Amino acid sequence: MLFTLAGLTCNRVTFAVEDPLVIVNEDRLEDLGIGQPWTTHGVDVGGGADYDGSLEVINGSFVNNPNWTNIGEFKVGVLPFVEPSGSTETYGGVALYSGTYLVNSGQTTIGQGYNKVGYFLVDEGAVWVNDGPVFVGNGGGGGGNGVLHTLEIVGSATVTNSPAGIGIGDGTTAYLNVHGRHAFLSVNDFSNGTMDIGSSGGIGAMDITDGGVVNNTWAFVGTSPGFFGAQSNGDVYIAGTTAYDNETDPDPNIEGDSIWNVGDNEYGTGGGYLSVGEYGGYGNVEVDNRGHVNAWRLLMGQGGGEGHITVNTGGKLEVLTTITMWDGSTIDLTGGGRALVGQGFISQVQDGTMRIGFGGALLGDGTIIGNVELLGGTIKPGHSPGTITIDGNLILDADSEIEVQVGGTGSGQFDQINVLGNTTLGGTVKLVFLPGFNPQAGDALSLDIFLNHAGIQGGFTALSVEGLSPNLAAILDLDQLASGQPLDITIASVPEPASIVLLSVAIGFGLTRRQKRLIA
């Protein structure tokens with residue numbers, strides 16, 4: 001069938017003014033916008049059980065005005081019912097190319113139903129504006145034989161979504177890729193500008209790479225279980241590119257960096273947050289070289305979830321107010337990755353606090369710019385071993401723990417903490433002697449755990465030691481740390497079993513009375 005309207009050529013298309021545009025097999029809309037703008041009342045691309053649908057929109061021409069307006073639902077690879085057994089995988093795909101300006105007023109669904117795959121490409125130079133929610137993978141099925149439902153925003157393409165949000169992997173498997181310099185996605189309504197990446201038992205992934213930018217108000221990575229408690233999984237990867245030279249590139253403000261802004265951060269007026277791993281979900285965010293995450297507030301592991309953030313060399317995590325971590329969640333600063341907590345820029349902070357609760361952990365060998373408060377959490381400097389720098393104050397409560405891994409006594413052989421502000425000690429010091437380091441009875445070790453000796457107050461109340469041979473014990477004085485001195489350790493032989501019980505009693509008494517000699 002051949003249908004032509006106002007310079008628009010469509011092959012194998014059924015169309016009526018008030019009926020949906022139905023795309024079967026392959027269709028190409030050419031010279032869209034030449035003549036009068038085009039209006040459709042719903043679109044269905046590849047929606048049947050037994051056929052594919054593929055739509056390309058090319059050669060559009062517009063000047064800040066839409067050349068295609070769709071009033072109603074936009075469906076790509078959607079099958080709203082269960083297919084009969086033995087059905088084969090079918091496909092729905094849409095590609096918007098340069099010069100296309102699409103405005104959609106209803107819900108957009110990209111991929112829904114068992115053995116039905118949805119794919120939507122917004123290529124360089126295209127614009128797509130939504131006034132309704134967007135679902136990439138919307139329940140039922142997993143993309144067909146492991147194939148992901150995908151929304152891909154490439155090059156200088158622009159996608160804006162208001163007032164509703166975007167779901168990636170809602171009960172199914174789905175992928176969002178914002179790739180290339182000036183590739184831009186904005187979910188900008190304050191009350192509903194949410195992104196759910198892996199929800200309702202689904203698997204969702206988002207890549208922001210090579211200069212892509214994503215702005216939204218609220219974001220949830222791995223949230224809310226599915227049927228029968230199925231775990232949701234969310235995964236985000238952010239990395240820039242070194243392809244653009246700051247000295248020669250015409251727009252040095254971009255510099256090939258990839259950015260994810262969560263919350264109203266630009267003017268510091270507040271609102272919105274990033275939640276990684278909540279309510280039984282698993283969330284993971286990795287920030288690589290020239291990648292940036294900027295959030296108003298960061299929550300990790302809320303409601304029994306598990307959240308992990310890794311900031312690698314050249315990556316930045318900036319949180320304007322606070323970071324709150326629950327059981328099983330970690331922030332890992334690897335190879336000099338940087339984190340900022342508080343108002344200001346990465347080199348200028350007014351205030352802010354990272355709070356680490358029970359089961360939460362801060363690990364790595366990078367820099368936290370802001371205050372760190374442990375409320376039952378753990379600090380594990382380095383990666384067997386290393387140094388973590390806190391450009392602010394460190395407060396350790398009575399339930400917190402510092403784990404110090406020891407591979408030797410030389411420079412760089414044991415974990416260290418460099419607190420540039422004040423340090424309030426409390427809780428437990430855990431010494432872990434690493435494999436390959438085997439001190440013997442009579443050895444004397446000196447560990448300068450805190451590089452900045454000024455401003456230390458309080459003291460540790462407990463000691464834990466792992467990794468020594470069963471016949472050895474560590475004798476040390478925790479009060480040395482409280483007074484800003486290196487920790488001196490003497491390795492001694494463990495007495496006969498009958499004496500160990502007596503020593504254990506002596507240790508407990510010594511901790512209670514704050515005696516200076518401790519044995520573990």
# chains A, B, ... in the order shown; residues from 1 in each chain; ligands from 1

$ residues_around --residues "range 288-305 of chain A" --least-positions-apart "6" --cutoff "8 Å" --atoms "only C-alpha atoms" --output "ChimeraX atom specification"
/A:209,223,237-241,256-265,270-282,311-329

$ write_last_selection --atoms "N, CA and C atoms" --output "compact mmCIF listing (two decimals), in the first residue's frame"
# COMPACT_ATOMS: atom_id res chain seq x y z
N THR A 209 27.97 8.38 28.16
CA THR A 209 29.36 8.30 27.73
C THR A 209 29.69 9.33 26.67
N THR A 223 15.21 -0.49 42.45
CA THR A 223 14.21 -0.14 43.46
C THR A 223 12.96 -1.00 43.32
N TYR A 237 26.59 3.55 34.32
CA TYR A 237 28.00 3.76 34.00
C TYR A 237 28.15 5.13 33.34
N ILE A 238 29.10 5.94 33.85
CA ILE A 238 29.30 7.29 33.35
C ILE A 238 30.78 7.50 33.07
N ALA A 239 31.11 7.89 31.86
CA ALA A 239 32.50 8.14 31.50
C ALA A 239 32.55 9.16 30.38
N GLY A 240 33.52 10.07 30.44
CA GLY A 240 33.72 11.04 29.37
C GLY A 240 34.63 10.51 28.29
N THR A 241 35.17 11.41 27.51
CA THR A 241 36.07 11.02 26.44
C THR A 241 37.25 11.97 26.42
N GLY A 256 34.24 17.21 26.59
CA GLY A 256 34.04 15.77 26.47
C GLY A 256 33.62 15.09 27.75
N ASP A 257 33.27 15.85 28.81
CA ASP A 257 32.84 15.25 30.06
C ASP A 257 31.39 14.76 29.95
N SER A 258 31.12 13.64 30.61
CA SER A 258 29.76 13.13 30.70
C SER A 258 29.20 13.43 32.08
N ILE A 259 27.94 13.89 32.14
CA ILE A 259 27.41 14.44 33.39
C ILE A 259 26.01 13.89 33.66
N TRP A 260 25.78 13.54 34.93
CA TRP A 260 24.44 13.17 35.39
C TRP A 260 24.09 14.10 36.55
N ASN A 261 23.11 14.99 36.33
CA ASN A 261 22.65 15.92 37.35
C ASN A 261 21.32 15.40 37.92
N VAL A 262 21.29 15.18 39.24
CA VAL A 262 20.08 14.69 39.90
C VAL A 262 19.68 15.68 40.98
N GLY A 263 18.52 16.28 40.82
CA GLY A 263 18.08 17.30 41.76
C GLY A 263 18.36 18.69 41.21
N ASP A 264 17.77 19.68 41.87
CA ASP A 264 17.93 21.07 41.43
C ASP A 264 19.22 21.61 42.03
N ASN A 265 20.34 21.38 41.35
CA ASN A 265 21.64 21.71 41.91
C ASN A 265 22.23 23.00 41.36
N GLY A 270 17.66 23.52 46.01
CA GLY A 270 17.23 22.33 46.72
C GLY A 270 16.23 21.49 45.98
N GLY A 271 16.07 20.25 46.47
CA GLY A 271 15.06 19.35 45.94
C GLY A 271 15.64 18.22 45.13
N GLY A 272 15.02 17.03 45.29
CA GLY A 272 15.42 15.87 44.53
C GLY A 272 16.57 15.12 45.17
N TYR A 273 16.66 13.84 44.83
CA TYR A 273 17.77 13.04 45.35
C TYR A 273 18.00 11.83 44.47
N LEU A 274 19.16 11.22 44.65
CA LEU A 274 19.55 9.99 43.98
C LEU A 274 19.55 8.88 45.02
N SER A 275 18.78 7.82 44.76
CA SER A 275 18.72 6.67 45.65
C SER A 275 19.27 5.45 44.91
N VAL A 276 20.31 4.84 45.46
CA VAL A 276 20.98 3.70 44.82
C VAL A 276 20.75 2.47 45.68
N GLY A 277 19.96 1.52 45.17
CA GLY A 277 19.67 0.29 45.88
C GLY A 277 18.73 0.51 47.05
N GLU A 278 17.43 0.36 46.82
CA GLU A 278 16.48 0.58 47.92
C GLU A 278 15.38 -0.48 47.89
N TYR A 279 14.81 -0.73 49.08
CA TYR A 279 13.67 -1.64 49.25
C TYR A 279 13.91 -3.00 48.59
N GLY A 280 15.05 -3.59 48.94
CA GLY A 280 15.38 -4.91 48.43
C GLY A 280 16.06 -4.92 47.08
N GLY A 281 16.19 -3.77 46.44
CA GLY A 281 16.84 -3.70 45.14
C GLY A 281 18.35 -3.60 45.26
N TYR A 282 19.02 -3.85 44.14
CA TYR A 282 20.48 -3.74 44.06
C TYR A 282 20.82 -2.66 43.05
N VAL A 311 34.02 5.34 42.23
CA VAL A 311 34.50 6.52 41.52
C VAL A 311 35.96 6.26 41.17
N ASN A 312 36.23 6.03 39.90
CA ASN A 312 37.57 5.70 39.44
C ASN A 312 38.38 6.96 39.15
N THR A 313 39.63 6.74 38.76
CA THR A 313 40.53 7.84 38.46
C THR A 313 39.90 8.81 37.46
N GLY A 314 39.91 10.10 37.80
CA GLY A 314 39.35 11.11 36.91
C GLY A 314 37.86 11.30 37.04
N GLY A 315 37.18 10.49 37.86
CA GLY A 315 35.75 10.63 38.06
C GLY A 315 35.45 11.49 39.27
N LYS A 316 34.22 12.05 39.32
CA LYS A 316 33.83 12.92 40.43
C LYS A 316 32.40 12.60 40.87
N LEU A 317 32.22 12.56 42.17
CA LEU A 317 30.90 12.45 42.79
C LEU A 317 30.72 13.68 43.66
N GLU A 318 29.70 14.50 43.35
CA GLU A 318 29.45 15.72 44.10
C GLU A 318 28.02 15.70 44.63
N VAL A 319 27.89 15.80 45.95
CA VAL A 319 26.58 15.78 46.62
C VAL A 319 26.44 17.07 47.40
N LEU A 320 25.39 17.83 47.11
CA LEU A 320 25.27 19.18 47.64
C LEU A 320 24.98 19.20 49.14
N THR A 321 24.21 18.23 49.65
CA THR A 321 23.86 18.26 51.07
C THR A 321 24.47 17.07 51.81
N THR A 322 23.81 15.90 51.80
CA THR A 322 24.30 14.77 52.59
C THR A 322 24.26 13.47 51.80
N ILE A 323 25.11 12.55 52.26
CA ILE A 323 25.08 11.16 51.81
C ILE A 323 24.69 10.31 53.00
N THR A 324 23.66 9.49 52.84
CA THR A 324 23.23 8.58 53.90
C THR A 324 23.32 7.16 53.39
N MET A 325 24.01 6.29 54.15
CA MET A 325 24.26 4.92 53.72
C MET A 325 23.70 3.94 54.74
N TRP A 326 23.04 2.89 54.25
CA TRP A 326 22.52 1.84 55.11
C TRP A 326 23.31 0.56 54.91
N ASP A 327 22.84 -0.48 55.57
CA ASP A 327 23.54 -1.76 55.63
C ASP A 327 23.93 -2.28 54.25
N GLY A 328 25.20 -2.67 54.11
CA GLY A 328 25.68 -3.31 52.89
C GLY A 328 26.04 -2.38 51.77
N SER A 329 26.02 -1.07 51.99
CA SER A 329 26.31 -0.12 50.92
C SER A 329 27.72 0.43 51.04

$ residues_around --residues "Trp68 in chain A" --least-positions-apart "2" --cutoff "9 Å" --atoms "only C-alpha atoms" --output "list in words"
Leu32, Gly33, Pro37, Trp38, Thr39, Thr40, Pro66, Asn70, Thr100, Tyr101, Leu102, Val103 and Asn104 of chain A

$ closest_residue --among "A:Gly132, A:Gly467, A:Gly222, A:Gly458" --to "Gly171 in chain A" --atoms "only C-alpha atoms"
A:Gly222

$ closest_residue --among "A:Ile379, A:Val187, A:Leu96, A:Val159" --to "Glu403 in chain A" --atoms "only C-alpha atoms"
A:Ile379

$ atom_distance --atom1 "CA of Ala361 in chain A" --atom2 "CA of Gly427 in chain A"
14.4 Å

$ atom_distance --atom1 "CA of Gly386 in chain A" --atom2 "CA of Asp235 in chain A"
26.8 Å

$ closest_residue --among "A:Tyr175, A:Trp218, A:Trp128, A:Phe450" --to "Gly111 in chain A" --atoms "only C-alpha atoms"
A:Tyr175

$ atom_distance --atom1 "CA of Met195 in chain A" --atom2 "CA of Gly139 in chain A"
16.0 Å

$ closest_residue --among "A:Gly53, A:Gly137, A:Gly212, A:Gly93" --to "Glu124 in chain A" --atoms "only C-alpha atoms"
A:Gly212

$ residues_around --residues "Gly436 in chain A" --least-positions-apart "6" --cutoff "12 Å" --atoms "only C-alpha atoms" --output "VMD selection string"
chain A and resid 384 406 to 408 413 467 to 469

$ write_last_selection --atoms "all heavy atoms" --output "tab-separated table (two decimals), in the first residue's frame"
chain	number	residue	atom	x	y	z
A	384	SER	N	44.08	-2.55	49.80
A	384	SER	CA	45.09	-3.51	50.28
A	384	SER	C	46.52	-3.13	49.94
A	384	SER	O	47.19	-3.86	49.21
A	384	SER	CB	44.79	-4.91	49.72
A	384	SER	OG	43.50	-5.32	50.06
A	406	VAL	N	47.38	-4.26	56.93
A	406	VAL	CA	48.81	-4.12	57.14
A	406	VAL	C	49.55	-5.17	56.31
A	406	VAL	O	49.38	-6.37	56.52
A	406	VAL	CB	49.18	-4.28	58.64
A	406	VAL	CG1	50.68	-4.04	58.84
A	406	VAL	CG2	48.36	-3.33	59.49
A	407	GLY	N	50.34	-4.67	55.34
A	407	GLY	CA	51.17	-5.56	54.54
A	407	GLY	C	52.64	-5.35	54.79
A	407	GLY	O	53.48	-5.93	54.11
A	408	GLY	N	52.97	-4.50	55.77
A	408	GLY	CA	54.34	-4.18	56.11
A	408	GLY	C	54.35	-2.86	56.85
A	408	GLY	O	53.30	-2.25	57.09
A	413	GLN	N	52.62	0.55	52.71
A	413	GLN	CA	52.39	-0.87	53.00
A	413	GLN	C	51.27	-1.08	54.01
A	413	GLN	O	50.93	-2.23	54.31
A	413	GLN	CB	53.68	-1.52	53.51
A	413	GLN	CG	54.77	-1.62	52.46
A	413	GLN	CD	56.00	-2.36	52.97
A	413	GLN	OE1	56.54	-2.04	54.03
A	413	GLN	NE2	56.42	-3.37	52.23
A	467	GLY	N	44.52	-12.16	60.95
A	467	GLY	CA	45.61	-12.45	60.03
A	467	GLY	C	46.92	-12.82	60.68
A	467	GLY	O	47.86	-13.20	59.96
A	468	LEU	N	47.03	-12.75	62.00
A	468	LEU	CA	48.25	-13.22	62.66
A	468	LEU	C	48.21	-14.74	62.79
A	468	LEU	O	47.15	-15.36	62.84
A	468	LEU	CB	48.39	-12.59	64.05
A	468	LEU	CG	48.89	-11.15	64.14
A	468	LEU	CD1	48.91	-10.70	65.59
A	468	LEU	CD2	50.27	-11.00	63.51
A	469	SER	N	49.40	-15.34	62.87
A	469	SER	CA	49.47	-16.77	63.12
A	469	SER	C	48.78	-17.09	64.43
A	469	SER	O	48.80	-16.26	65.36
A	469	SER	CB	50.92	-17.22	63.15
A	469	SER	OG	51.56	-16.98	61.90

$ select_by_dssp --residues "range 314-454 of chain A" --states "strand (DSSP E or B)" --output "PyMOL selection string"
chain A and resi 316-319+322-325+330-333+338-341+344-345+348-349+353-357+361-364+367-369+371-376+378-382+387-391+394-396+401-406+414+416-419+423-425+428-433+444-447+450

$ closest_residue --among "A:Ile331, A:Val127, A:Val136, A:Leu394" --to "Tyr97 in chain A" --atoms "only C-alpha atoms"
A:Val127
